[in-house]
>>> print(open('my_file-v3.cif').read())   # mmCIF, C-alpha atoms
data_start
#
loop_
_atom_site.label_atom_id
_atom_site.label_comp_id
_atom_site.auth_asym_id
_atom_site.auth_seq_id
_atom_site.Cartn_x
_atom_site.Cartn_y
_atom_site.Cartn_z
CA MET A 268 55.68 96.23 133.95
CA SER A 269 52.33 98.00 133.88
CA GLU A 270 51.90 101.69 133.23
CA PRO A 271 50.30 102.28 136.66
CA VAL A 272 53.42 100.84 138.33
CA LEU A 273 55.68 102.99 136.15
CA ALA A 274 53.55 105.94 137.14
CA ARG A 275 54.20 105.12 140.80
CA LEU A 276 57.94 105.07 140.13
CA ARG A 277 57.71 108.44 138.39
CA ALA A 278 55.75 109.79 141.32
CA LEU A 279 58.59 108.75 143.60
CA LEU A 280 61.51 109.89 141.46
CA GLY A 281 60.12 112.30 138.90
CA ASP A 282 60.17 111.82 135.14
CA ALA A 283 63.97 112.21 135.00
CA GLY A 284 64.37 109.46 137.58
CA VAL A 285 62.85 106.71 135.41
CA ALA A 286 64.16 105.58 132.04
CA ALA A 287 64.42 102.54 129.79
CA GLY A 288 67.42 100.32 130.45
CA ILE A 289 69.70 98.72 127.88
CA ASP A 290 67.49 95.66 127.52
CA GLY A 291 64.23 97.57 127.83
CA THR A 292 63.95 96.93 131.56
CA PRO A 293 62.66 100.04 133.36
CA ARG A 294 65.51 101.81 135.14
CA ALA A 295 65.08 103.76 138.36
CA MET A 296 67.71 106.40 139.10
CA PRO A 297 67.26 107.54 142.71
CA GLU A 298 69.31 110.46 144.05
CA SER A 299 69.27 109.66 147.78
CA THR A 300 69.18 106.82 150.27
CA GLU A 301 65.56 107.68 151.00
CA ASP A 302 64.68 107.38 147.33
CA VAL A 303 66.41 104.00 147.10
CA ALA A 304 64.44 102.83 150.14
CA GLU A 305 61.14 103.88 148.58
CA VAL A 306 61.96 102.13 145.32
CA MET A 307 62.87 98.92 147.14
CA GLN A 308 59.74 99.09 149.27
CA LEU A 309 57.71 99.27 146.07
CA ALA A 310 59.73 96.44 144.49
CA HIS A 311 59.21 94.30 147.58
CA ALA A 312 55.48 94.96 147.59
CA GLU A 313 55.20 94.12 143.88
CA GLY A 314 57.55 91.12 144.00
CA TRP A 315 59.96 92.50 141.40
CA LYS A 316 63.46 91.22 140.86
CA VAL A 317 65.85 94.19 141.00
CA ARG A 318 69.20 94.49 139.25
CA VAL A 319 71.60 97.06 140.71
CA GLU A 320 73.69 98.91 138.12
CA GLY A 321 76.61 101.28 138.50
CA GLN A 322 78.62 102.51 135.53
CA ALA A 323 78.63 98.98 134.04
CA THR A 324 82.43 99.12 133.76
CA TRP A 325 83.08 96.10 136.01
CA LEU A 326 79.99 93.88 136.21
CA GLY A 327 77.73 94.19 133.20
CA PRO A 328 74.02 95.01 133.55
CA ASP A 329 72.94 91.57 132.37
CA ALA A 330 71.36 89.95 135.42
CA PRO A 331 67.67 89.11 134.84
CA ALA A 332 65.34 91.58 136.52
CA GLN A 333 62.03 93.38 136.20
CA LEU A 334 63.57 96.64 137.41
CA ALA A 335 67.06 98.05 137.12
CA LEU A 336 68.15 100.34 139.95
CA SER A 337 70.99 102.59 138.79
CA THR A 338 73.32 104.33 141.24
CA ARG A 339 74.44 106.88 138.63
CA ALA A 340 72.46 109.67 140.29
CA LEU A 341 73.96 108.74 143.69
CA ASN A 342 77.18 110.37 142.56
CA ARG A 343 77.93 113.10 145.09
CA VAL A 344 81.02 113.50 147.22
CA ILE A 345 79.12 114.86 150.21
CA SER A 346 81.98 116.07 152.37
CA VAL A 347 85.74 115.95 152.82
CA SER A 348 87.07 116.64 156.30
CA PRO A 349 90.89 116.82 156.37
CA GLU A 350 90.91 117.57 160.10
CA ASP A 351 89.03 114.32 160.83
CA LEU A 352 90.68 112.35 157.98
CA VAL A 353 87.21 111.31 156.79
CA ALA A 354 85.18 111.80 153.62
CA THR A 355 81.56 110.92 152.94
CA ALA A 356 80.48 109.94 149.43
CA GLN A 357 77.51 108.33 147.76
CA ALA A 358 78.05 104.86 146.35
CA GLY A 359 77.60 105.92 142.74
CA ALA A 360 80.46 108.41 142.88
CA PRO A 361 83.05 107.53 140.20
CA LEU A 362 86.51 106.89 141.58
CA ASP A 363 88.13 109.54 139.39
CA VAL A 364 85.70 112.17 140.66
CA LEU A 365 86.28 111.09 144.27
CA ARG A 366 90.05 111.24 143.82
CA ARG A 367 89.85 114.72 142.35
CA HIS A 368 87.80 116.01 145.28
CA LEU A 369 90.18 114.46 147.79
CA GLY A 370 93.27 115.75 145.98
CA GLU A 371 91.93 119.30 146.07
CA ALA A 372 91.85 118.97 149.86
CA GLY A 373 95.32 117.39 150.04
CA MET A 374 93.81 114.03 150.94
CA TRP A 375 94.30 110.53 149.58
CA LEU A 376 92.27 107.31 149.64
CA PRO A 377 94.90 104.56 149.18
CA ILE A 378 92.96 102.16 146.97
CA ASP A 379 93.76 101.20 143.38
CA PRO A 380 91.21 98.54 142.41
CA PRO A 381 91.16 97.07 138.92
CA GLY A 382 88.82 98.76 136.50
CA ARG A 383 88.38 102.01 134.63
CA PRO A 384 88.75 105.41 136.34
CA GLU A 385 84.99 105.95 136.24
CA ARG A 386 84.24 102.75 138.15
CA THR A 387 81.93 103.54 141.06
CA LEU A 388 82.82 103.40 144.72
CA GLY A 389 79.83 101.14 145.37
CA SER A 390 81.09 98.62 142.83
CA VAL A 391 84.46 98.42 144.57
CA LEU A 392 82.78 97.96 147.95
CA ALA A 393 80.26 95.37 146.76
CA THR A 394 82.91 93.21 145.09
CA ALA A 395 85.74 94.01 147.58
CA THR A 396 88.24 94.29 144.75
CA ALA A 397 91.67 95.52 145.77
CA GLY A 398 94.75 96.48 143.80
CA PRO A 399 98.48 96.49 144.59
CA LEU A 400 98.13 99.09 147.38
CA ARG A 401 96.51 96.39 149.54
CA LEU A 402 100.04 95.45 150.67
CA GLY A 403 100.78 98.77 152.34
CA PHE A 404 97.33 100.00 153.30
CA GLY A 405 95.02 97.01 153.52
CA PHE A 406 91.84 96.17 151.68
CA ILE A 407 88.86 98.41 150.92
CA ARG A 408 87.14 97.33 154.15
CA ASP A 409 90.10 98.80 156.05
CA GLN A 410 89.34 102.21 154.52
CA VAL A 411 85.67 102.25 155.56
CA VAL A 412 84.57 103.94 158.80
CA GLY A 413 80.86 103.45 158.24
CA LEU A 414 78.26 102.94 155.56
CA THR A 415 74.54 103.05 154.85
CA VAL A 416 72.66 100.21 153.19
CA VAL A 417 69.12 99.75 151.92
CA THR A 418 67.81 96.22 152.35
CA GLY A 419 65.79 94.28 149.82
CA ASP A 420 62.54 95.29 151.51
CA GLY A 421 63.49 98.96 151.71
CA GLN A 422 64.82 99.31 155.25
CA VAL A 423 67.69 101.74 155.85
CA VAL A 424 70.55 100.35 157.95
CA SER A 425 73.64 102.27 159.02
CA ALA A 426 76.86 100.74 160.34
CA GLY A 427 79.82 102.50 161.92
CA GLY A 428 80.01 106.28 162.04
CA ARG A 429 81.59 109.38 160.56
CA VAL A 430 84.76 109.53 162.63
CA VAL A 431 87.71 107.15 162.63
CA LYS A 432 87.43 106.29 166.33
CA ASN A 433 83.76 105.28 166.02
CA VAL A 434 83.76 101.60 165.05
CA ALA A 435 80.38 100.57 166.45
CA GLY A 436 78.60 98.21 164.08
CA TYR A 437 81.65 97.70 161.90
CA ASP A 438 81.00 93.96 161.53
CA LEU A 439 77.89 94.79 159.50
CA ALA A 440 80.06 96.80 157.13
CA LYS A 441 82.27 93.74 156.72
CA LEU A 442 79.21 91.73 155.70
CA GLU A 443 78.23 94.24 153.04
CA ILE A 444 81.74 94.78 151.66
CA GLY A 445 82.37 91.87 149.33
CA GLY A 446 78.75 90.67 149.48
CA PHE A 447 78.20 91.38 145.75
CA GLY A 448 74.93 93.10 146.59
CA GLY A 449 73.40 90.02 148.17
CA PHE A 450 72.75 91.74 151.51
CA GLY A 451 71.46 95.11 150.38
CA ILE A 452 72.34 98.16 148.31
CA ILE A 453 75.17 100.32 149.60
CA THR A 454 74.16 103.96 149.18
CA GLU A 455 76.59 106.05 151.24
CA VAL A 456 80.08 105.50 152.66
CA ASN A 457 82.30 107.19 155.24
CA LEU A 458 85.94 106.72 154.26
CA ARG A 459 89.18 106.85 156.21
CA LEU A 460 91.65 109.20 154.53
CA ARG A 461 95.37 109.92 154.55
CA ALA A 462 97.30 112.98 153.54
CA VAL A 463 98.75 112.89 150.03
CA PRO A 464 102.32 111.55 150.48
CA ARG A 465 105.06 114.08 149.85
CA ALA A 466 107.02 111.54 147.81
CA ASP A 467 105.73 108.61 145.75
CA LEU A 468 108.25 106.50 143.83
CA THR A 469 107.82 103.40 141.66
CA MET A 470 110.75 101.16 140.72
CA VAL A 471 110.47 98.29 138.24
CA ALA A 472 112.58 95.26 137.39
CA SER A 473 112.10 92.65 134.68
CA GLY A 474 113.16 89.02 134.47
CA SER A 475 112.00 85.49 135.17
CA ARG A 476 108.87 85.05 137.24
CA ASP A 477 110.48 82.97 139.97
CA ASP A 478 113.47 85.31 140.38
CA LEU A 479 111.22 88.33 140.71
CA SER A 480 108.92 86.53 143.13
CA ALA A 481 111.94 85.68 145.31
CA ALA A 482 113.14 89.30 145.10
CA ALA A 483 109.75 90.52 146.33
CA ARG A 484 109.93 88.26 149.36
CA ASP A 485 113.48 89.39 150.09
CA ILE A 486 112.36 93.02 150.06
CA HIS A 487 109.44 92.27 152.34
CA ASP A 488 111.52 90.14 154.73
CA ALA A 489 114.02 92.98 155.02
CA GLY A 490 111.28 95.10 156.58
CA ILE A 491 111.03 97.63 153.76
CA GLY A 492 107.56 99.10 154.00
CA CYS A 493 106.45 99.13 150.37
CA ALA A 494 103.05 100.56 149.57
CA ALA A 495 102.86 98.04 146.72
CA LEU A 496 105.03 95.17 145.54
CA GLU A 497 103.28 93.56 142.60
CA LEU A 498 104.33 90.81 140.19
CA VAL A 499 102.82 91.36 136.75
CA SER A 500 102.65 89.00 133.77
CA PRO A 501 104.19 90.10 130.45
CA THR A 502 100.80 90.43 128.78
CA LEU A 503 99.42 92.68 131.51
CA ALA A 504 102.63 94.73 131.73
CA ALA A 505 102.82 95.00 127.92
CA GLU A 506 106.43 93.81 128.17
CA SER A 507 108.42 90.81 126.94
CA GLU A 508 109.16 89.54 130.48
CA TRP A 509 107.54 89.40 133.89
CA MET A 510 107.74 92.64 135.83
CA LEU A 511 108.05 93.42 139.53
CA ALA A 512 106.83 96.89 140.50
CA ALA A 513 107.82 98.30 143.90
CA ARG A 514 106.11 101.46 145.13
CA VAL A 515 107.25 103.44 148.18
CA THR A 516 105.56 106.51 149.65
CA GLY A 517 106.31 108.93 152.45
CA THR A 518 108.69 111.81 153.03
CA ASP A 519 111.43 112.58 150.53
CA GLY A 520 114.14 111.20 152.81
CA ALA A 521 112.28 108.04 153.70
CA VAL A 522 111.47 107.24 150.07
CA GLU A 523 115.07 107.79 149.00
CA ALA A 524 116.28 105.50 151.80
CA ASP A 525 113.76 102.79 150.88
CA ALA A 526 114.82 102.96 147.23
CA ARG A 527 118.45 102.41 148.19
CA ARG A 528 117.53 99.49 150.44
CA ILE A 529 115.43 97.85 147.71
CA ALA A 530 118.36 98.06 145.29
CA ALA A 531 120.70 96.60 147.92
CA VAL A 532 118.43 93.78 149.13
CA ALA A 533 117.22 92.70 145.69
CA ALA A 534 120.17 93.16 143.36
CA ARG A 535 118.27 93.60 140.14
CA ASP A 536 118.45 96.08 137.28
CA TRP A 537 115.93 98.49 138.79
CA THR A 538 114.50 101.44 136.89
CA ALA A 539 113.00 104.37 138.81
CA LEU A 540 110.01 105.74 136.91
CA SER A 541 109.05 109.36 136.51
CA SER A 542 105.73 110.36 138.08
CA GLU A 543 104.08 110.30 134.64
CA LYS A 544 105.39 106.83 133.77
CA SER A 545 104.51 105.56 137.22
CA ALA A 546 100.91 106.75 136.87
CA ALA A 547 100.73 105.16 133.41
CA LEU A 548 102.02 101.82 134.71
CA TRP A 549 99.58 101.56 137.60
CA ALA A 550 96.74 102.65 135.31
CA LEU A 551 97.72 99.91 132.86
CA ILE A 552 97.68 97.32 135.64
CA ALA A 553 94.28 98.57 136.81
CA ARG A 554 92.62 98.73 133.39
CA GLY A 555 94.03 95.50 131.97
CA PRO A 556 91.53 93.13 133.61
CA VAL A 557 88.59 94.93 132.01
CA GLY A 558 89.49 93.63 128.53
CA PRO A 559 88.89 89.86 128.88
CA PRO A 560 85.40 88.64 129.79
CA VAL A 561 86.27 86.98 133.12
CA THR A 562 88.32 87.95 136.18
CA LEU A 563 89.11 85.54 139.01
CA ARG A 564 90.53 86.33 142.46
CA LEU A 565 92.49 83.71 144.40
CA GLY A 566 92.89 84.20 148.14
CA VAL A 567 96.33 82.61 148.28
CA LEU A 568 98.87 83.28 151.04
CA PRO A 569 102.33 84.61 150.13
CA GLU A 570 104.03 81.24 150.51
CA GLY A 571 101.61 79.67 148.03
CA VAL A 572 101.79 82.30 145.28
CA ASP A 573 104.43 80.52 143.20
CA GLU A 574 102.54 77.22 143.31
CA MET A 575 99.30 78.94 142.28
CA LEU A 576 101.02 80.77 139.46
CA ASP A 577 102.18 77.37 138.19
CA ALA A 578 98.66 75.98 138.47
CA VAL A 579 96.97 78.93 136.78
CA THR A 580 99.39 79.07 133.86
CA ARG A 581 99.13 75.27 133.45
CA ASP A 582 95.37 74.81 133.79
CA LEU A 583 94.20 78.08 132.28
CA ASP A 584 96.77 80.21 130.50
CA GLU A 585 99.19 82.94 131.41
CA GLY A 586 96.63 85.60 130.51
CA LEU A 587 96.59 88.81 132.47
CA ILE A 588 97.99 88.10 135.92
CA SER A 589 98.96 90.25 138.87
CA ALA A 590 100.04 88.72 142.16
CA GLY A 591 101.46 89.67 145.54
CA PRO A 592 104.44 87.46 146.42
CA ALA A 593 104.96 89.47 149.61
CA GLY A 594 101.39 89.99 150.77
CA GLY A 595 99.45 87.25 148.98
CA GLY A 596 96.60 87.32 146.51
CA LEU A 597 96.42 86.60 142.80
CA ARG A 598 94.16 87.99 140.07
CA TRP A 599 93.71 86.38 136.66
CA SER A 600 91.73 87.69 133.69
CA GLY A 601 91.01 85.77 130.52
CA GLU A 602 88.48 83.38 129.02
CA ILE A 603 87.12 80.38 130.92
CA ASP A 604 83.95 78.30 130.78
CA ALA A 605 81.89 77.01 133.68
CA GLU A 606 83.31 73.47 133.67
CA ARG A 607 86.94 74.60 133.74
CA LEU A 608 86.10 77.06 136.51
CA ARG A 609 84.47 74.31 138.57
CA THR A 610 87.55 72.13 138.08
CA MET A 611 89.80 74.96 139.20
CA ARG A 612 87.62 75.58 142.25
CA ARG A 613 87.74 71.93 143.28
CA MET A 614 91.53 71.91 143.00
CA LEU A 615 91.84 75.07 145.07
CA ALA A 616 89.29 73.89 147.65
CA ALA A 617 91.53 70.89 148.37
CA ARG A 618 94.23 73.43 149.28
CA GLU A 619 91.76 75.64 151.22
CA ILE A 620 92.24 78.52 148.78
CA PRO A 621 89.08 80.50 148.00
CA LEU A 622 88.38 81.46 144.40
CA THR A 623 86.04 84.39 143.78
CA LEU A 624 84.49 85.12 140.41
CA GLU A 625 85.00 88.89 140.39
CA ARG A 626 83.74 89.52 136.87
CA GLY A 627 81.92 87.51 134.25
CA PRO A 628 78.77 87.36 132.16
CA TRP A 629 75.54 86.52 133.96
CA GLU A 630 75.39 83.00 132.53
CA LEU A 631 78.72 82.15 134.14
CA ARG A 632 77.84 83.85 137.43
CA ARG A 633 74.55 81.97 137.50
CA ASP A 634 76.14 78.60 136.76
CA VAL A 635 79.08 78.78 139.18
CA GLY A 636 78.30 81.65 141.56
CA HIS A 637 80.65 84.36 142.73
CA PHE A 638 81.78 82.11 145.59
CA GLY A 639 80.70 78.67 144.38
CA ALA A 640 79.83 76.07 146.99
CA TYR A 641 80.33 77.07 150.62
CA ARG A 642 81.99 75.02 153.28
CA GLU A 643 79.70 72.80 155.31
CA GLY A 644 77.49 74.94 157.54
CA VAL A 645 78.31 78.24 155.85
CA GLY A 646 75.60 78.01 153.22
CA ALA A 647 72.84 77.83 155.83
CA LEU A 648 74.27 80.89 157.61
CA VAL A 649 74.42 82.87 154.36
CA SER A 650 70.84 81.90 153.54
CA LYS A 651 69.64 83.11 156.94
CA LEU A 652 71.50 86.39 156.54
CA ARG A 653 69.96 86.89 153.12
CA GLU A 654 66.53 86.25 154.59
CA VAL A 655 67.18 89.09 157.03
CA PHE A 656 68.56 91.58 154.52
CA ASP A 657 66.53 90.54 151.47
CA PRO A 658 63.50 88.65 152.77
CA GLY A 659 61.67 88.65 149.42
CA GLN A 660 64.78 87.79 147.38
CA GLN A 661 64.30 91.00 145.39
CA LEU A 662 68.01 91.49 144.63
CA SER A 663 69.21 89.67 141.53
CA VAL A 664 72.59 88.20 142.48
CA ALA A 665 74.33 84.85 142.17
CA LEU A 666 76.46 84.20 145.24
CA GLU A 667 76.19 80.44 144.90
CA ALA A 668 75.83 78.29 141.81
CA GLU A 669 72.22 77.86 140.73
CA THR A 670 73.05 74.67 138.81
CA ALA A 671 75.47 71.87 139.54
#
>>> encode(input="my_file-v3.cif", output="structure tokens")
Amino acid sequence: MSEPVLARLRALLGDAGVAAGIDGTPRAMPESTEDVAEVMQLAHAEGWKVRVEGQATWLGPDAPAQLALSTRALNRVISVSPEDLVATAQAGAPLDVLRRHLGEAGMWLPIDPPGRPERTLGSVLATATAGPLRLGFGFIRDQVVGLTVVTGDGQVVSAGGRVVKNVAGYDLAKLEIGGFGGFGIITEVNLRLRAVPRADLTMVASGSRDDLSAAARDIHDAGIGCAALELVSPTLAAESEWMLAARVTGTDGAVEADARRIAAVAARDWTALSSEKSAALWALIARGPVGPPVTLRLGVLPEGVDEMLDAVTRDLDEGLISAGPAGGGLRWSGEIDAERLRTMRRMLAAREIPLTLERGPWELRRDVGHFGAYREGVGALVSKLREVFDPGQQLSVALEAETA
């Protein structure tokens, strides 16, 4: 990149807003949506490929690009409004910082995505990763009231609003959440909040995988409203057996009643964890997937979880697995090459189960894509949407496989 172009970036962002990236690629560090828009307008005019970087704790900064755009300076929690149950934060805000701000106001954002505490909000939104709390509170898209996005040619687009009842334009937010950055750069988010629950209890039981999976379904079928009910492999749980973790939240009386009902419905040797041990367990489940190089997400329904656990442990390995026997979904982390991943995708496609490559090195993402091949007709729609939101193909992403 020429010095005159770097000078233009410095003119936009100041000297502190431009630095050398890990691989020597110039890195822009804008502090506002307007700054991001100006950078992308320049990138579009110059024909640069742009790699979006957060804290690099989930997806590594290894996509090929002529400019890296870091969200690290977009790190402010702009407002927390307990009376409206809404907070506004920039996309580069680390989750641990966001949680601290919310906690000081007595508020809670019920998401527990995999990753380190410093993982950015924008990363969670772009990849739509969800943890065990998805059972009780839904996915990350269910916690979003509105958001602001900068397109590949530097246009600013806002969807939704700042109050819970304002849902205008929400479908656009659904496009961006889980789009892996293919439809623009999320810069600011309005989040739906809840009050911190008065009581929060985690109970765990160990045993055979199938017995625990059946116990989870029994609990769910009994109508017990668990916030989380997650089946965890021995390696991920750091235990000798599979573990089922049940989490209930609410008032003191309601949590006590739910705990008794869980013990009655699923007659297992349950252990109620202290608040410290509970926090440690859920942190272990969240951080575990960061170790191996690849993380896969299977969109399996509850009734198919056992079959998919059999398939994953047979065709891959047991690895680090967490699954929702009551609400569906399965996440696997380990080592896998492109050919084995394609084989797994073909097997799952025959069962109409989507497989998303949540994490992986660029070479794997390039070869197989985050989503792989689309169903007939979907690929053309995605291409048209990308033409609208990134007309010059400035954003360096790999939604589909680039090679067969």
>>> residues_around(input="my_file-v3.cif", residues="stretch 383-400 of chain A", least_positions_apart="4", cutoff="7 Å", atoms="all atoms listed in the file", output="ChimeraX atom specification")
/A:321-322,324,358-363,377-379,404,406-407,443-448,453,494-497,554,625
>>> resolve_selection(input="my_file-v3.cif", expression="the PyMOL selection byres ((chain A and resi 376) around 12)", output="PyMOL selection string")
chain A and resi 347+349+352-355+362-363+365-370+372-375+377-380+388+400-401+404-407+409-411+457-464
>>> atom_distance(input="my_file-v3.cif", atom1="atom CA of A:Pro556", atom2="atom CA of A:Trp629")
17.3 Å
>>> residues_around(input="my_file-v3.cif", residues="A:Pro628", least_positions_apart="2", cutoff="8 Å", atoms="all atoms listed in the file", output="list in words")
Leu326, Gly327, Asp329, Pro560, Val561, Arg626, Glu630, Leu631 and Arg632 of chain A
>>> closest_residue(input="my_file-v3.cif", among="A:Ala605, A:Leu511, A:Leu309, A:Trp325", to="A:Arg633", atoms="only C-alpha atoms")
A:Ala605
>>> atom_distance(input="my_file-v3.cif", atom1="atom CA of A:Ser542", atom2="atom CA of A:Cys493")
16.7 Å
>>> residues_near_point(input="my_file-v3.cif", point="(80.6, 74.0, 136.6)", cutoff="6 Å", atoms="all atoms listed in the file", output="ChimeraX atom specification")
/A:605-606,609,635
>>> closest_residue(input="my_file-v3.cif", among="A:Arg318, A:Arg277, A:Arg408, A:Lys651", to="A:Glu305", atoms="all atoms listed in the file")
A:Arg277
>>> atom_distance(input="my_file-v3.cif", atom1="atom CA of A:Gly639", atom2="atom CA of A:Leu666")
7.0 Å
>>> build_atoms(input="my_file-v3.cif", residues="stretch 561-582 of chain A", atoms="N, CA and C atoms", output="PDB file, keeping the file's coordinate frame")
ATOM      1  N   VAL A 561      86.362  87.566 131.786  1.00  0.00           N
ATOM      2  CA  VAL A 561      86.270  86.980 133.120  1.00  0.00           C
ATOM      3  C   VAL A 561      87.483  87.390 133.958  1.00  0.00           C
ATOM      4  N   THR A 562      87.234  87.696 135.223  1.00  0.00           N
ATOM      5  CA  THR A 562      88.320  87.950 136.180  1.00  0.00           C
ATOM      6  C   THR A 562      88.098  87.091 137.410  1.00  0.00           C
ATOM      7  N   LEU A 563      89.145  86.394 137.826  1.00  0.00           N
ATOM      8  CA  LEU A 563      89.110  85.540 139.010  1.00  0.00           C
ATOM      9  C   LEU A 563      90.064  86.090 140.067  1.00  0.00           C
ATOM     10  N   ARG A 564      89.681  85.923 141.328  1.00  0.00           N
ATOM     11  CA  ARG A 564      90.530  86.330 142.460  1.00  0.00           C
ATOM     12  C   ARG A 564      90.805  85.128 143.335  1.00  0.00           C
ATOM     13  N   LEU A 565      92.075  84.834 143.564  1.00  0.00           N
ATOM     14  CA  LEU A 565      92.490  83.710 144.400  1.00  0.00           C
ATOM     15  C   LEU A 565      93.033  84.239 145.713  1.00  0.00           C
ATOM     16  N   GLY A 566      92.452  83.772 146.814  1.00  0.00           N
ATOM     17  CA  GLY A 566      92.890  84.200 148.140  1.00  0.00           C
ATOM     18  C   GLY A 566      94.049  83.370 148.641  1.00  0.00           C
ATOM     19  N   VAL A 567      95.169  83.438 147.950  1.00  0.00           N
ATOM     20  CA  VAL A 567      96.330  82.610 148.280  1.00  0.00           C
ATOM     21  C   VAL A 567      97.280  83.377 149.184  1.00  0.00           C
ATOM     22  N   LEU A 568      97.883  82.671 150.139  1.00  0.00           N
ATOM     23  CA  LEU A 568      98.870  83.280 151.040  1.00  0.00           C
ATOM     24  C   LEU A 568     100.198  83.456 150.312  1.00  0.00           C
ATOM     25  N   PRO A 569     101.066  84.327 150.825  1.00  0.00           N
ATOM     26  CA  PRO A 569     102.330  84.610 150.130  1.00  0.00           C
ATOM     27  C   PRO A 569     103.134  83.356 149.793  1.00  0.00           C
ATOM     28  N   GLU A 570     103.207  82.422 150.735  1.00  0.00           N
ATOM     29  CA  GLU A 570     104.030  81.240 150.510  1.00  0.00           C
ATOM     30  C   GLU A 570     103.457  80.310 149.427  1.00  0.00           C
ATOM     31  N   GLY A 571     102.203  80.517 149.053  1.00  0.00           N
ATOM     32  CA  GLY A 571     101.610  79.670 148.030  1.00  0.00           C
ATOM     33  C   GLY A 571     101.479  80.329 146.670  1.00  0.00           C
ATOM     34  N   VAL A 572     101.967  81.573 146.533  1.00  0.00           N
ATOM     35  CA  VAL A 572     101.790  82.300 145.280  1.00  0.00           C
ATOM     36  C   VAL A 572     102.479  81.598 144.117  1.00  0.00           C
ATOM     37  N   ASP A 573     103.711  81.162 144.299  1.00  0.00           N
ATOM     38  CA  ASP A 573     104.430  80.520 143.200  1.00  0.00           C
ATOM     39  C   ASP A 573     103.723  79.250 142.724  1.00  0.00           C
ATOM     40  N   GLU A 574     103.254  78.442 143.676  1.00  0.00           N
ATOM     41  CA  GLU A 574     102.540  77.220 143.310  1.00  0.00           C
ATOM     42  C   GLU A 574     101.263  77.541 142.534  1.00  0.00           C
ATOM     43  N   MET A 575     100.541  78.581 142.964  1.00  0.00           N
ATOM     44  CA  MET A 575      99.300  78.940 142.280  1.00  0.00           C
ATOM     45  C   MET A 575      99.565  79.550 140.917  1.00  0.00           C
ATOM     46  N   LEU A 576     100.663  80.268 140.782  1.00  0.00           N
ATOM     47  CA  LEU A 576     101.020  80.770 139.460  1.00  0.00           C
ATOM     48  C   LEU A 576     101.295  79.608 138.505  1.00  0.00           C
ATOM     49  N   ASP A 577     101.961  78.574 139.003  1.00  0.00           N
ATOM     50  CA  ASP A 577     102.180  77.370 138.190  1.00  0.00           C
ATOM     51  C   ASP A 577     100.855  76.745 137.775  1.00  0.00           C
ATOM     52  N   ALA A 578      99.936  76.630 138.739  1.00  0.00           N
ATOM     53  CA  ALA A 578      98.660  75.980 138.470  1.00  0.00           C
ATOM     54  C   ALA A 578      97.819  76.778 137.470  1.00  0.00           C
ATOM     55  N   VAL A 579      97.781  78.086 137.663  1.00  0.00           N
ATOM     56  CA  VAL A 579      96.970  78.930 136.780  1.00  0.00           C
ATOM     57  C   VAL A 579      97.512  78.905 135.363  1.00  0.00           C
ATOM     58  N   THR A 580      98.827  79.052 135.209  1.00  0.00           N
ATOM     59  CA  THR A 580      99.390  79.070 133.860  1.00  0.00           C
ATOM     60  C   THR A 580      99.304  77.688 133.200  1.00  0.00           C
ATOM     61  N   ARG A 581      99.253  76.627 134.003  1.00  0.00           N
ATOM     62  CA  ARG A 581      99.130  75.270 133.450  1.00  0.00           C
ATOM     63  C   ARG A 581      97.693  74.946 133.076  1.00  0.00           C
ATOM     64  N   ASP A 582      96.741  75.253 133.985  1.00  0.00           N
ATOM     65  CA  ASP A 582      95.370  74.810 133.790  1.00  0.00           C
ATOM     66  C   ASP A 582      94.509  75.831 133.041  1.00  0.00           C
TER      67      ASP A 582
END
